[in-house]
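Colleague: This is the content of upload_29.txt (compact mmCIF, C-alpha atoms and all ligand atoms):
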# COMPACT_ATOMS: atom_id res chain seq x y z
CA LEU A 1 -55.50 -8.43 -116.32
CA GLN A 2 -57.40 -5.20 -116.26
CA SER A 3 -59.73 -4.87 -119.17
CA PRO A 4 -60.79 -1.53 -120.61
CA SER A 5 -64.19 -3.19 -121.00
CA THR A 6 -64.50 -3.26 -117.22
CA TRP A 7 -64.29 0.53 -117.04
CA ARG A 8 -67.63 2.03 -116.28
CA ILE A 9 -69.57 2.94 -119.40
CA PRO A 10 -72.69 5.01 -118.65
CA ASP A 11 -75.87 3.28 -119.69
CA PRO A 12 -79.49 4.05 -118.78
CA LEU A 13 -79.97 0.48 -117.54
CA ILE A 14 -77.18 0.71 -114.96
CA GLY A 15 -78.50 0.91 -111.40
CA THR A 16 -81.82 -0.69 -112.32
CA THR A 17 -83.07 -4.17 -111.47
CA ILE A 18 -84.48 -6.62 -113.96
CA SER A 19 -86.02 -9.77 -112.56
CA HIS A 20 -83.56 -10.65 -109.77
CA TYR A 21 -80.59 -9.03 -111.50
CA GLU A 22 -79.13 -5.73 -110.35
CA LEU A 23 -77.45 -4.16 -113.36
CA VAL A 24 -74.04 -2.95 -112.27
CA GLU A 25 -72.01 -1.82 -115.28
CA LYS A 26 -71.91 -2.02 -119.04
CA LEU A 27 -69.22 -4.38 -120.33
CA GLY A 28 -69.55 -3.78 -124.04
CA GLU A 29 -71.70 -3.92 -127.10
CA GLY A 30 -71.63 -6.13 -130.18
CA GLY A 31 -73.70 -7.09 -133.18
CA MET A 32 -76.39 -8.81 -131.10
CA GLY A 33 -76.85 -6.20 -128.41
CA LYS A 34 -75.19 -5.01 -125.23
CA VAL A 35 -73.58 -6.91 -122.38
CA ILE A 36 -74.04 -5.74 -118.81
CA LYS A 37 -72.47 -7.02 -115.61
CA ALA A 38 -75.18 -7.78 -113.08
CA ARG A 39 -75.58 -9.21 -109.60
CA ASP A 40 -77.84 -12.20 -109.30
CA THR A 41 -79.51 -11.35 -105.98
CA ARG A 42 -80.89 -14.89 -105.53
CA LEU A 43 -77.59 -16.71 -105.94
CA SER A 44 -75.48 -13.78 -104.81
CA ARG A 45 -73.02 -13.89 -107.67
CA PHE A 46 -72.08 -11.74 -110.61
CA VAL A 47 -73.34 -12.66 -114.06
CA ALA A 48 -73.01 -11.14 -117.52
CA ILE A 49 -76.28 -10.40 -119.25
CA LYS A 50 -76.48 -10.05 -122.99
CA PHE A 51 -79.52 -8.04 -123.95
CA LEU A 52 -80.48 -8.85 -127.51
CA ARG A 53 -81.57 -5.99 -129.68
CA VAL A 54 -85.32 -5.81 -130.03
CA ASP A 55 -85.09 -6.30 -133.78
CA ALA A 56 -82.79 -9.32 -133.41
CA ILE A 57 -85.69 -11.72 -133.05
CA ARG A 58 -88.47 -10.88 -135.38
CA THR A 59 -90.56 -14.01 -135.72
CA SER A 60 -91.93 -16.55 -133.27
CA GLU A 61 -89.99 -19.19 -135.19
CA GLN A 62 -86.76 -17.33 -134.44
CA GLU A 63 -87.81 -17.07 -130.81
CA ARG A 64 -88.43 -20.82 -130.66
CA ASP A 65 -84.99 -21.46 -132.21
CA LEU A 66 -83.40 -19.10 -129.72
CA VAL A 67 -84.95 -20.91 -126.75
CA GLN A 68 -83.99 -24.29 -128.20
CA GLU A 69 -80.39 -23.30 -128.96
CA ALA A 70 -79.91 -21.49 -125.65
CA ARG A 71 -81.10 -24.68 -123.94
CA ILE A 72 -78.45 -26.70 -125.80
CA ALA A 73 -75.75 -24.10 -125.14
CA SER A 74 -76.58 -24.09 -121.43
CA SER A 75 -76.54 -27.87 -121.20
CA PHE A 76 -72.82 -28.38 -121.37
CA HIS A 77 -70.10 -27.34 -118.99
CA HIS A 78 -66.47 -26.83 -119.78
CA PRO A 79 -63.79 -24.94 -117.85
CA ASN A 80 -62.85 -22.98 -120.98
CA ILE A 81 -66.36 -22.01 -122.00
CA ALA A 82 -68.29 -19.19 -120.32
CA HIS A 83 -71.35 -21.04 -119.10
CA ILE A 84 -74.75 -19.96 -120.42
CA TYR A 85 -77.05 -19.98 -117.38
CA GLY A 86 -80.26 -19.27 -119.23
CA LEU A 87 -82.46 -17.19 -121.41
CA ASP A 88 -85.07 -14.79 -120.11
CA GLN A 89 -87.41 -12.10 -121.27
CA ALA A 90 -87.67 -8.65 -119.73
CA GLU A 91 -90.70 -6.42 -119.26
CA THR A 92 -91.12 -4.25 -122.27
CA SER A 93 -93.00 -1.42 -120.60
CA GLN A 94 -92.87 0.39 -117.27
CA ASP A 95 -95.13 -1.20 -114.72
CA SER A 96 -95.99 1.37 -112.09
CA ALA A 97 -96.78 -1.35 -109.56
CA SER A 98 -93.31 -2.77 -109.94
CA GLY A 99 -91.73 0.27 -108.35
CA PRO A 100 -89.12 2.63 -109.62
CA THR A 101 -86.26 0.15 -109.68
CA VAL A 102 -87.76 -1.93 -112.44
CA CYS A 103 -86.60 -0.55 -115.74
CA ALA A 104 -88.75 0.03 -118.74
CA LEU A 105 -87.14 -1.68 -121.69
CA PRO A 106 -88.63 -0.06 -124.71
CA GLU A 107 -86.04 -1.61 -126.99
CA LEU A 108 -84.92 -4.78 -125.26
CA MET A 109 -86.70 -8.06 -124.98
CA HIS A 110 -84.70 -11.23 -124.66
CA PHE A 111 -81.63 -11.54 -122.55
CA ILE A 112 -79.11 -14.31 -122.11
CA VAL A 113 -77.65 -14.75 -118.65
CA MET A 114 -74.14 -16.14 -118.61
CA GLU A 115 -71.07 -16.65 -116.47
CA TYR A 116 -69.33 -13.37 -115.76
CA VAL A 117 -65.66 -13.58 -116.72
CA SER A 118 -63.42 -11.05 -115.05
CA GLY A 119 -60.45 -10.23 -117.25
CA ALA A 120 -59.66 -8.98 -120.73
CA THR A 121 -60.67 -10.19 -124.14
CA LEU A 122 -57.97 -11.93 -126.17
CA ALA A 123 -58.31 -9.03 -128.66
CA GLU A 124 -57.23 -6.65 -125.89
CA VAL A 125 -54.42 -8.98 -124.79
CA ILE A 126 -53.10 -9.28 -128.37
CA SER A 127 -53.14 -5.53 -128.92
CA ALA A 128 -51.44 -4.84 -125.57
CA LYS A 129 -48.26 -6.87 -126.18
CA ARG A 130 -46.75 -9.85 -127.95
CA ILE A 131 -47.98 -13.01 -126.28
CA ASP A 132 -45.17 -15.40 -125.45
CA LEU A 133 -45.18 -18.83 -127.01
CA SER A 134 -45.99 -20.77 -123.85
CA ASP A 135 -49.12 -18.63 -123.16
CA THR A 136 -50.11 -18.93 -126.82
CA MET A 137 -49.81 -22.72 -126.69
CA ARG A 138 -51.63 -23.00 -123.35
CA TRP A 139 -54.54 -20.84 -124.51
CA ALA A 140 -54.65 -22.51 -127.94
CA ILE A 141 -54.92 -25.90 -126.23
CA GLN A 142 -57.66 -24.64 -123.89
CA ILE A 143 -59.65 -23.09 -126.76
CA SER A 144 -59.29 -26.23 -128.90
CA ASP A 145 -60.44 -28.31 -125.93
CA ALA A 146 -63.52 -26.09 -125.66
CA LEU A 147 -64.13 -26.60 -129.40
CA ALA A 148 -63.67 -30.36 -129.02
CA THR A 149 -66.35 -30.54 -126.31
CA ALA A 150 -68.80 -28.32 -128.17
CA HIS A 151 -68.27 -30.11 -131.48
CA LYS A 152 -68.92 -33.41 -129.75
CA ALA A 153 -72.31 -31.97 -128.74
CA HIS A 154 -72.76 -30.80 -132.38
CA ILE A 155 -72.54 -27.15 -131.39
CA VAL A 156 -70.65 -24.93 -133.81
CA HIS A 157 -69.48 -21.60 -132.47
CA GLY A 158 -69.88 -19.71 -135.74
CA ASP A 159 -68.17 -16.50 -134.55
CA LEU A 160 -64.89 -17.56 -132.94
CA LYS A 161 -62.64 -14.50 -132.73
CA PRO A 162 -60.33 -12.82 -130.18
CA GLY A 163 -63.25 -10.60 -129.06
CA ASN A 164 -65.22 -13.72 -128.11
CA ILE A 165 -62.40 -15.20 -126.01
CA MET A 166 -61.57 -13.86 -122.57
CA ILE A 167 -58.44 -14.40 -120.52
CA ASP A 168 -59.59 -14.44 -116.90
CA GLY A 169 -57.79 -13.40 -113.73
CA ASP A 170 -56.17 -16.84 -113.44
CA ARG A 171 -54.90 -16.49 -117.03
CA VAL A 172 -57.32 -19.14 -118.25
CA ALA A 173 -58.97 -18.77 -121.66
CA LYS A 174 -62.79 -18.79 -121.73
CA VAL A 175 -64.72 -18.86 -124.96
CA LEU A 176 -67.81 -16.64 -124.98
CA ASP A 177 -71.03 -16.81 -126.98
CA PHE A 178 -70.84 -20.52 -127.78
CA GLY A 179 -73.67 -21.50 -130.07
CA LEU A 180 -75.16 -18.01 -130.05
CA ALA A 181 -73.82 -16.63 -133.31
CA SER A 182 -76.34 -18.43 -135.47
CA LEU A 183 -79.30 -17.69 -133.21
CA VAL A 184 -80.21 -14.15 -133.88
CA GLU A 185 -80.23 -11.74 -136.72
CA THR A 186 -77.43 -9.31 -136.24
CA LYS A 187 -77.29 -5.65 -137.05
CA PRO A 188 -76.09 -5.28 -140.64
CA MET A 189 -72.71 -3.62 -140.49
CA ALA A 190 -71.36 -4.63 -143.84
CA ASP A 191 -68.44 -2.28 -143.78
CA ASP A 192 -67.27 -2.72 -140.22
CA ALA A 193 -64.40 -5.16 -140.40
CA LYS A 194 -64.26 -5.75 -136.65
CA GLN A 195 -67.88 -6.55 -135.94
CA LEU A 196 -70.20 -9.40 -136.53
CA VAL A 197 -71.77 -8.65 -139.88
CA GLU A 198 -74.83 -9.93 -141.59
CA LEU A 199 -75.37 -9.57 -145.28
CA THR A 200 -78.58 -10.86 -146.71
CA THR A 201 -78.51 -11.51 -150.40
CA GLN A 202 -81.37 -13.00 -152.39
CA ASP A 203 -81.28 -16.45 -150.89
CA VAL A 204 -78.34 -16.64 -148.45
CA VAL A 205 -77.48 -15.03 -145.15
CA ILE A 206 -73.81 -14.31 -144.61
CA ARG A 207 -73.01 -13.89 -140.94
CA GLY A 208 -69.71 -13.60 -139.08
CA THR A 209 -66.76 -11.34 -138.31
CA PRO A 210 -64.84 -10.89 -141.60
CA PRO A 211 -61.20 -11.49 -140.50
CA TYR A 212 -62.17 -14.77 -138.81
CA MET A 213 -64.80 -16.06 -141.23
CA SER A 214 -64.14 -19.25 -143.12
CA PRO A 215 -64.37 -19.20 -146.92
CA GLU A 216 -67.57 -21.26 -146.80
CA GLN A 217 -69.01 -18.83 -144.25
CA VAL A 218 -68.22 -15.94 -146.63
CA GLU A 219 -70.06 -17.88 -149.34
CA GLY A 220 -73.11 -18.24 -147.07
CA LYS A 221 -72.88 -22.03 -146.89
CA LYS A 222 -73.98 -24.13 -143.94
CA LEU A 223 -71.47 -23.97 -141.11
CA THR A 224 -69.73 -27.07 -139.84
CA GLU A 225 -67.08 -27.78 -137.22
CA ARG A 226 -64.44 -27.21 -139.92
CA SER A 227 -65.54 -23.58 -140.18
CA ASP A 228 -64.69 -23.09 -136.47
CA ILE A 229 -61.32 -24.73 -137.20
CA PHE A 230 -60.60 -22.05 -139.85
CA SER A 231 -61.60 -19.25 -137.43
CA PHE A 232 -59.38 -20.86 -134.78
CA GLY A 233 -56.49 -20.84 -137.30
CA ALA A 234 -57.01 -17.11 -137.86
CA VAL A 235 -57.04 -16.51 -134.08
CA LEU A 236 -53.89 -18.61 -133.53
CA TYR A 237 -52.15 -16.82 -136.43
CA GLU A 238 -52.92 -13.50 -134.73
CA MET A 239 -51.76 -14.72 -131.31
CA LEU A 240 -48.44 -15.84 -132.82
CA SER A 241 -47.82 -12.84 -135.07
CA GLY A 242 -49.77 -9.98 -133.47
CA ARG A 243 -51.25 -9.40 -136.97
CA ARG A 244 -54.46 -10.42 -138.63
CA ALA A 245 -54.20 -13.29 -141.08
CA PHE A 246 -56.53 -11.60 -143.55
CA LEU A 247 -56.28 -7.88 -144.12
CA GLY A 248 -58.33 -5.39 -146.09
CA GLU A 249 -59.66 -1.86 -146.05
CA SER A 250 -63.29 -2.94 -145.82
CA ALA A 251 -65.32 -5.94 -144.72
CA LEU A 252 -65.70 -6.89 -148.37
CA ALA A 253 -61.95 -6.64 -149.05
CA ILE A 254 -61.26 -8.84 -146.02
CA MET A 255 -63.81 -11.40 -147.15
CA LEU A 256 -62.18 -11.46 -150.58
CA ALA A 257 -58.81 -12.06 -148.88
CA VAL A 258 -60.36 -14.94 -146.90
CA LEU A 259 -61.57 -16.45 -150.16
CA GLY A 260 -58.49 -16.01 -152.28
CA LYS A 261 -55.36 -15.01 -150.38
CA THR A 262 -52.83 -16.99 -148.37
CA PRO A 263 -51.69 -15.12 -145.25
CA SER A 264 -48.05 -13.92 -145.09
CA PRO A 265 -45.90 -16.83 -143.92
CA LEU A 266 -45.67 -16.90 -140.13
CA SER A 267 -41.92 -17.46 -140.41
CA ALA A 268 -41.62 -14.01 -142.05
CA VAL A 269 -43.58 -12.34 -139.27
CA ARG A 270 -42.18 -14.28 -136.31
CA PRO A 271 -38.99 -16.18 -137.08
CA ARG A 272 -37.88 -19.24 -135.12
CA LEU A 273 -41.41 -20.55 -134.51
CA PRO A 274 -41.48 -24.32 -134.16
CA ALA A 275 -42.32 -25.88 -137.55
CA SER A 276 -45.01 -28.04 -135.93
CA ILE A 277 -47.01 -24.97 -134.84
CA VAL A 278 -46.66 -23.33 -138.25
CA ARG A 279 -47.96 -26.59 -139.79
CA ILE A 280 -50.99 -26.63 -137.47
CA VAL A 281 -51.92 -23.03 -138.36
CA SER A 282 -51.59 -23.69 -142.06
CA ARG A 283 -53.73 -26.84 -141.84
CA CYS A 284 -56.45 -24.86 -140.00
CA LEU A 285 -56.37 -22.12 -142.66
CA GLN A 286 -56.82 -24.38 -145.67
CA LYS A 287 -59.44 -22.90 -148.00
CA ASN A 288 -60.82 -26.37 -148.68
CA PRO A 289 -62.60 -27.54 -145.48
CA GLU A 290 -61.73 -31.16 -146.27
CA LEU A 291 -58.03 -30.37 -145.85
CA ARG A 292 -58.50 -28.94 -142.34
CA TYR A 293 -58.83 -30.81 -139.06
CA SER A 294 -62.21 -32.46 -139.00
CA SER A 295 -63.08 -31.29 -135.48
CA GLY A 296 -61.84 -29.60 -132.33
CA ALA A 297 -60.84 -33.01 -130.94
CA GLU A 298 -58.39 -33.71 -133.78
CA LEU A 299 -56.98 -30.21 -133.56
CA HIS A 300 -56.63 -30.49 -129.78
CA ARG A 301 -54.70 -33.77 -130.11
CA ASP A 302 -52.23 -32.21 -132.54
CA LEU A 303 -51.70 -29.12 -130.39
CA ALA A 304 -51.22 -31.23 -127.26
CA ALA A 305 -48.66 -33.43 -129.07
CA CYS A 306 -46.84 -30.33 -130.31
CA GLN A 307 -46.79 -28.93 -126.76
CA ALA A 308 -45.52 -32.25 -125.34
CA GLY A 309 -42.70 -32.20 -127.94
CA ARG A 310 -41.83 -28.64 -126.93
CA ALA A 311 -41.85 -29.53 -123.24
CA ALA A 312 -39.54 -32.52 -123.84
CA ARG A 313 -37.16 -30.38 -125.91
CA GLU A 314 -37.18 -27.69 -123.25
CA THR A 315 -36.30 -30.27 -120.59
CA VAL A 316 -33.31 -31.47 -122.62
CA ILE A 317 -32.21 -27.93 -123.49
CA GLY A 318 -32.68 -26.88 -119.86
CA ALA A 319 -30.53 -29.79 -118.71
CA ILE A 320 -27.81 -28.82 -121.20
CA ILE A 321 -27.93 -25.19 -120.07
CA ARG A 322 -27.79 -26.26 -116.44
CA HIS A 323 -24.89 -28.59 -117.28
CA ARG A 324 -23.15 -25.86 -119.18
CA ARG A 325 -23.16 -23.79 -116.05
CA ILE A 326 -21.78 -26.53 -113.80
CA VAL A 327 -19.37 -28.12 -116.28
CA PRO A 328 -16.40 -25.84 -115.38
CA ALA A 329 -16.96 -26.45 -111.68
CA VAL A 330 -17.24 -30.22 -112.18
CA ALA A 331 -14.13 -30.23 -114.40
CA CYS A 332 -12.13 -28.33 -111.76
CA LEU A 333 -13.30 -30.74 -109.09
CA ILE A 334 -12.32 -33.74 -111.21
CA ILE A 335 -8.87 -32.27 -111.86
CA VAL A 336 -8.34 -31.51 -108.17
CA CYS A 337 -9.47 -35.02 -107.22
CA ALA A 338 -7.29 -36.57 -109.91
CA VAL A 339 -4.25 -34.62 -108.76
CA ALA A 340 -4.92 -35.47 -105.12
CA ALA A 341 -5.49 -39.14 -105.97
CA GLY A 342 -2.33 -39.12 -108.06
CA LEU A 343 -0.36 -37.69 -105.19
CA VAL A 344 -1.77 -40.20 -102.71
CA ILE A 345 -1.22 -43.12 -105.07
CA GLY A 346 2.25 -41.90 -105.95
CA ARG A 347 3.21 -41.59 -102.30
CA ARG A 348 1.71 -44.97 -101.44
CA SER A 349 3.70 -46.67 -104.21
CA LYS A 350 6.88 -44.95 -103.04
CA VAL A 351 6.25 -46.22 -99.49
CA ASN A 352 5.75 -49.74 -100.88
CA TRP A 353 8.87 -49.40 -102.97
CA ALA A 354 10.90 -48.29 -99.94
CA ARG A 355 9.68 -51.25 -97.86
CA THR A 356 9.74 -54.04 -100.42
CA ASP A 357 12.67 -53.07 -102.64
CA VAL A 358 14.87 -50.57 -100.86
CA LEU A 359 15.14 -52.15 -97.40
CA PRO A 360 16.19 -55.62 -98.73
CA GLU A 361 18.66 -53.91 -101.10
CA ILE A 362 20.18 -51.94 -98.19
CA SER A 363 20.57 -55.20 -96.22
CA ARG A 364 22.29 -56.81 -99.21
CA LEU A 365 24.64 -53.79 -99.59
CA ILE A 366 25.50 -53.87 -95.86
CA GLU A 367 26.27 -57.60 -96.17
CA ARG A 368 28.51 -56.83 -99.14
CA GLU A 369 29.98 -53.97 -97.06
CA GLU A 370 29.05 -51.38 -99.64
CA PHE A 371 28.24 -48.90 -96.89
CA PRO A 372 28.21 -45.57 -98.82
CA ARG A 373 25.62 -46.95 -101.32
CA ALA A 374 23.63 -48.49 -98.45
CA PHE A 375 23.76 -45.12 -96.66
CA ARG A 376 22.48 -43.19 -99.70
CA LEU A 377 19.62 -45.67 -100.18
CA ALA A 378 18.73 -45.50 -96.47
CA LEU A 379 18.51 -41.69 -96.74
CA LYS A 380 16.15 -42.07 -99.73
CA ALA A 381 13.98 -44.63 -97.87
CA SER A 382 13.68 -42.39 -94.81
CA GLU A 383 11.86 -39.82 -97.01
CA TYR A 384 8.98 -42.29 -97.30
CA ILE A 385 9.18 -44.57 -94.26
CA PRO A 386 10.89 -42.40 -91.65
CA ASN A 387 9.36 -44.30 -88.71
CA ASP A 388 9.72 -47.79 -90.08
CA PRO A 389 11.29 -50.10 -87.43
CA GLU A 390 13.20 -52.08 -90.08
CA LEU A 391 14.73 -48.86 -91.37
CA ALA A 392 15.62 -47.88 -87.81
CA ALA A 393 17.48 -51.22 -87.48
CA VAL A 394 19.30 -50.56 -90.74
CA TRP A 395 20.32 -47.10 -89.47
CA SER A 396 21.75 -48.56 -86.27
CA LYS A 397 23.81 -51.08 -88.29
CA LEU A 398 24.99 -48.32 -90.65
CA SER A 399 25.86 -45.85 -87.89
CA PHE A 400 27.76 -48.63 -86.17
CA LYS A 401 29.69 -49.36 -89.37
CA ILE A 402 30.29 -45.66 -90.23
CA THR A 403 31.44 -44.69 -86.70
P1 LIG A 501 -70.23 -10.17 -131.24
O1 LIG A 501 -71.59 -9.63 -131.26
O2 LIG A 501 -69.69 -10.47 -132.55
O3 LIG A 501 -70.06 -11.29 -130.25
P2 LIG A 501 -68.60 -8.76 -129.43
O4 LIG A 501 -68.11 -10.08 -128.92
O5 LIG A 501 -67.62 -7.65 -129.59
O6 LIG A 501 -69.32 -8.95 -130.80
P3 LIG A 501 -70.51 -8.90 -127.34
O7 LIG A 501 -70.53 -10.38 -127.44
O8 LIG A 501 -71.80 -8.19 -127.25
O9 LIG A 501 -69.76 -8.22 -128.53
O10 LIG A 501 -69.60 -8.52 -126.08
C1 LIG A 501 -69.22 -7.20 -125.85
C2 LIG A 501 -68.15 -7.16 -124.77
O11 LIG A 501 -68.72 -7.53 -123.55
C3 LIG A 501 -67.01 -8.15 -125.00
O12 LIG A 501 -66.01 -7.61 -125.82
C4 LIG A 501 -66.51 -8.38 -123.60
O13 LIG A 501 -65.61 -7.37 -123.24
C5 LIG A 501 -67.78 -8.23 -122.77
N1 LIG A 501 -68.37 -9.55 -122.41
C6 LIG A 501 -69.15 -10.31 -123.18
N2 LIG A 501 -69.51 -11.43 -122.53
C7 LIG A 501 -68.91 -11.36 -121.32
C8 LIG A 501 -68.88 -12.24 -120.16
N3 LIG A 501 -69.54 -13.39 -120.15
N4 LIG A 501 -68.15 -11.86 -119.09
C9 LIG A 501 -67.48 -10.68 -119.10
N5 LIG A 501 -67.47 -9.82 -120.14
C10 LIG A 501 -68.18 -10.15 -121.24
MG MG A 502 -69.27 -11.66 -128.21
Could I get this file's structure written as structure tokens?
Modeller:
Amino acid sequence: LQSPSTWRIPDPLIGTTISHYELVEKLGEGGMGKVIKARDTRLSRFVAIKFLRVDAIRTSEQERDLVQEARIASSFHHPNIAHIYGLDQAETSQDSASGPTVCALPELMHFIVMEYVSGATLAEVISAKRIDLSDTMRWAIQISDALATAHKAHIVHGDLKPGNIMIDGDRVAKVLDFGLASLVETKPMADDAKQLVELTTQDVVIRGTPPYMSPEQVEGKKLTERSDIFSFGAVLYEMLSGRRAFLGESALAIMLAVLGKTPSPLSAVRPRLPASIVRIVSRCLQKNPELRYSSGAELHRDLAACQAGRAARETVIGAIIRHRRIVPAVACLIIVCAVAAGLVIGRRSKVNWARTDVLPEISRLIEREEFPRAFRLALKASEYIPNDPELAAVWSKLSFKIT
């Protein structure tokens, strides 16, 4: 999978070194700041570094929260979660003693170092082509497993969306930015429907990416695991249909759709989807959080059961299809065998008949001197037992009588 985000994007930081990280190429930019691919010269591996915008962390309280949350996010490992390696702080001004390779960072302060995932975001995969059902199920199960693990550690993603999920080179889904969405203040982009937005009203902060925000997130309420379940539902809907679940011309219109509209039925957008998958999506997208799955673990169980059902059905259907192909051949073989067996059995019974019935009858006819009838029967018997010694004896008697 070749991602457009891996194309080189010029950036003043590229080619510089920060701490022991050589900044190689810019991967992208979001609401929190920019992400740059870097080489960790100590461990000799690539990492992705998310530089947080300088205005993202304004108070020492926010900084303390960031350190605390980054510590939690880095404490758990899961094959479907891009690992957070740590949080660091960069020099904010040029230090002449540090040499020319150390970059002045007039605008950047904190950076999060994380696992570099080579591949494409799910958003790019969805827009490139329709994802087949088996990939959709596999990735949905992997993402829900990631949610299950994080939820168990009481970590809510808060910004689950196709742009925060990558499909790596081995076609494995990796969730990015786990636990980071709630950490920093994002750049207010109230009318950008694709980006993380932050709207601050008098007493609530609304933060998230409109098409994937849960209704309670739109209302600025405290986020729970069930909010991630709603976002997951919106992602799964999009994987299955290639279309967003909630549409609108502006961020506000989308948020209103999240609050009040039911997405177009999946069956209308992609017919012949298994009913069990449609049911899972609709349970995730319930407006009332209580009606959704309570956590990633419950969701994961349902998806795995649905996949097991599909696999079992496919095995049976596959067997029928395979049978369908070989049925004519097997039928022909059975007919040939039956005919051959019939012929063999028929011949064997004729041989028996000639020995047990015909030969004694011929002897009786010879005794009664009915030679023409005995002769005709002997001719018949020689069709089946031409080399029979008893028949040979009969022939000698008959030829004697006839001559
Ligand atoms: P948001 O701020 O809402 O998360 P976003 O996900 O679009 O928005 P970023 O998280 O800053 O923005 O990521 C920008 C891009 O950088 C992503 O779309 C992805 O292509 C790339 N990226 C982010 N993290 C990684 C990573 N760990 N490995 C490889 N590429 C990454
Ligand atoms: Mg992101």
Colleague: Near A:Ile277, counting only C-alpha atoms, which residues have an atom at most 12 Å away, once you skip same-chain residues fewer than 4 positions from it, shown as a list in words?
Modeller: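 Contacts, in chain order: Leu133, Ser134, Thr136, Met137, Ala140, Ile141, Gly233, Leu236, Tyr237, Met239, Leu240, Leu266, Ser267, Arg270, Arg272, Leu273, Val281, Ser282, Arg283, Cys284, Leu299, Asp302, Leu303, Ala304, Ala305, Cys306, Gln307, Gly309 and Arg310 of chain A.
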Colleague: I need the chosen residues saved as a PDB file, in the frame of the given file, with C-alpha atoms.
Modeller:
ATOM      1  CA  LEU A 133     -45.180 -18.830-127.010  1.00  0.00           C
ATOM      2  CA  SER A 134     -45.990 -20.770-123.850  1.00  0.00           C
ATOM      3  CA  THR A 136     -50.110 -18.930-126.820  1.00  0.00           C
ATOM      4  CA  MET A 137     -49.810 -22.720-126.690  1.00  0.00           C
ATOM      5  CA  ALA A 140     -54.650 -22.510-127.940  1.00  0.00           C
ATOM      6  CA  ILE A 141     -54.920 -25.900-126.230  1.00  0.00           C
ATOM      7  CA  GLY A 233     -56.490 -20.840-137.300  1.00  0.00           C
ATOM      8  CA  LEU A 236     -53.890 -18.610-133.530  1.00  0.00           C
ATOM      9  CA  TYR A 237     -52.150 -16.820-136.430  1.00  0.00           C
ATOM     10  CA  MET A 239     -51.760 -14.720-131.310  1.00  0.00           C
ATOM     11  CA  LEU A 240     -48.440 -15.840-132.820  1.00  0.00           C
ATOM     12  CA  LEU A 266     -45.670 -16.900-140.130  1.00  0.00           C
ATOM     13  CA  SER A 267     -41.920 -17.460-140.410  1.00  0.00           C
ATOM     14  CA  ARG A 270     -42.180 -14.280-136.310  1.00  0.00           C
ATOM     15  CA  ARG A 272     -37.880 -19.240-135.120  1.00  0.00           C
ATOM     16  CA  LEU A 273     -41.410 -20.550-134.510  1.00  0.00           C
ATOM     17  CA  VAL A 281     -51.920 -23.030-138.360  1.00  0.00           C
ATOM     18  CA  SER A 282     -51.590 -23.690-142.060  1.00  0.00           C
ATOM     19  CA  ARG A 283     -53.730 -26.840-141.840  1.00  0.00           C
ATOM     20  CA  CYS A 284     -56.450 -24.860-140.000  1.00  0.00           C
ATOM     21  CA  LEU A 299     -56.980 -30.210-133.560  1.00  0.00           C
ATOM     22  CA  ASP A 302     -52.230 -32.210-132.540  1.00  0.00           C
ATOM     23  CA  LEU A 303     -51.700 -29.120-130.390  1.00  0.00           C
ATOM     24  CA  ALA A 304     -51.220 -31.230-127.260  1.00  0.00           C
ATOM     25  CA  ALA A 305     -48.660 -33.430-129.070  1.00  0.00           C
ATOM     26  CA  CYS A 306     -46.840 -30.330-130.310  1.00  0.00           C
ATOM     27  CA  GLN A 307     -46.790 -28.930-126.760  1.00  0.00           C
ATOM     28  CA  GLY A 309     -42.700 -32.200-127.940  1.00  0.00           C
ATOM     29  CA  ARG A 310     -41.830 -28.640-126.930  1.00  0.00           C
TER      30      ARG A 310
END
Colleague: Please identify all protein, DNA and RNA residues within 7 Å of ligand MG 502 (chain A), counting only C-alpha atoms and all ligand atoms, and report them as a VMD selection string.
Modeller: chain A and resid 30 163 to 164 176 to 177
Colleague: Could the residues in this selection be saved with C-alpha atoms as an mmCIF file, in the coordinates of the input?
Modeller:
data_model
loop_
_atom_site.group_PDB
_atom_site.id
_atom_site.type_symbol
_atom_site.label_atom_id
_atom_site.label_comp_id
_atom_site.auth_asym_id
_atom_site.auth_seq_id
_atom_site.Cartn_x
_atom_site.Cartn_y
_atom_site.Cartn_z
ATOM 1 C CA GLY A 30 -71.630 -6.130 -130.180
ATOM 2 C CA GLY A 163 -63.250 -10.600 -129.060
ATOM 3 C CA ASN A 164 -65.220 -13.720 -128.110
ATOM 4 C CA LEU A 176 -67.810 -16.640 -124.980
ATOM 5 C CA ASP A 177 -71.030 -16.810 -126.980
#
Colleague: Check the smallest atom-to-atom distance from each of A:Ile165, A:Leu247, A:Ile126, A:Leu359 to ligand LIG 501 (chain A) using all atoms listed in the file, then report the winner.
Modeller: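 Answer, going by the shortest atom-to-atom distance: A:Ile165.
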Colleague: Quick one, how far is atom CA of A:Asp228 from atom CA of A:Gln68?
Modeller: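 Straight-line distance from atom CA of A:Asp228 to atom CA of A:Gln68 works out to 21.0 Å.
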Colleague: Kindly provide, as number ranges by chain, all nucleotide and amino acid residues lying within 7 Å of ligand LIG 501 (chain A), counting only C-alpha atoms and all ligand atoms.
Modeller: A: 5, 27-35, 48, 50, 82, 114-118, 120-121, 159, 163-164, 176-177, 195-196, 209
Colleague: Can you work out the spacing between atom CA of A:Leu23 and atom CA of A:Ile49 in Å, to one decimal?
Modeller: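 If I compute the distance from atom CA of A:Leu23 to atom CA of A:Ile49, I get 8.7 Å.
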Colleague: With all atoms listed in the file as the counted atoms, please give the residues lying no more than 12 Å from A:Asp357, apart from itself and same-chain residues fewer than 5 positions off, as a list in words.
Modeller: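 Surrounding residues, per the criterion: Ser349, Lys350, Val351, Asn352, Ile362, Ser363, Arg364, Leu377, Ala378, Lys380 and Ala381 of chain A.
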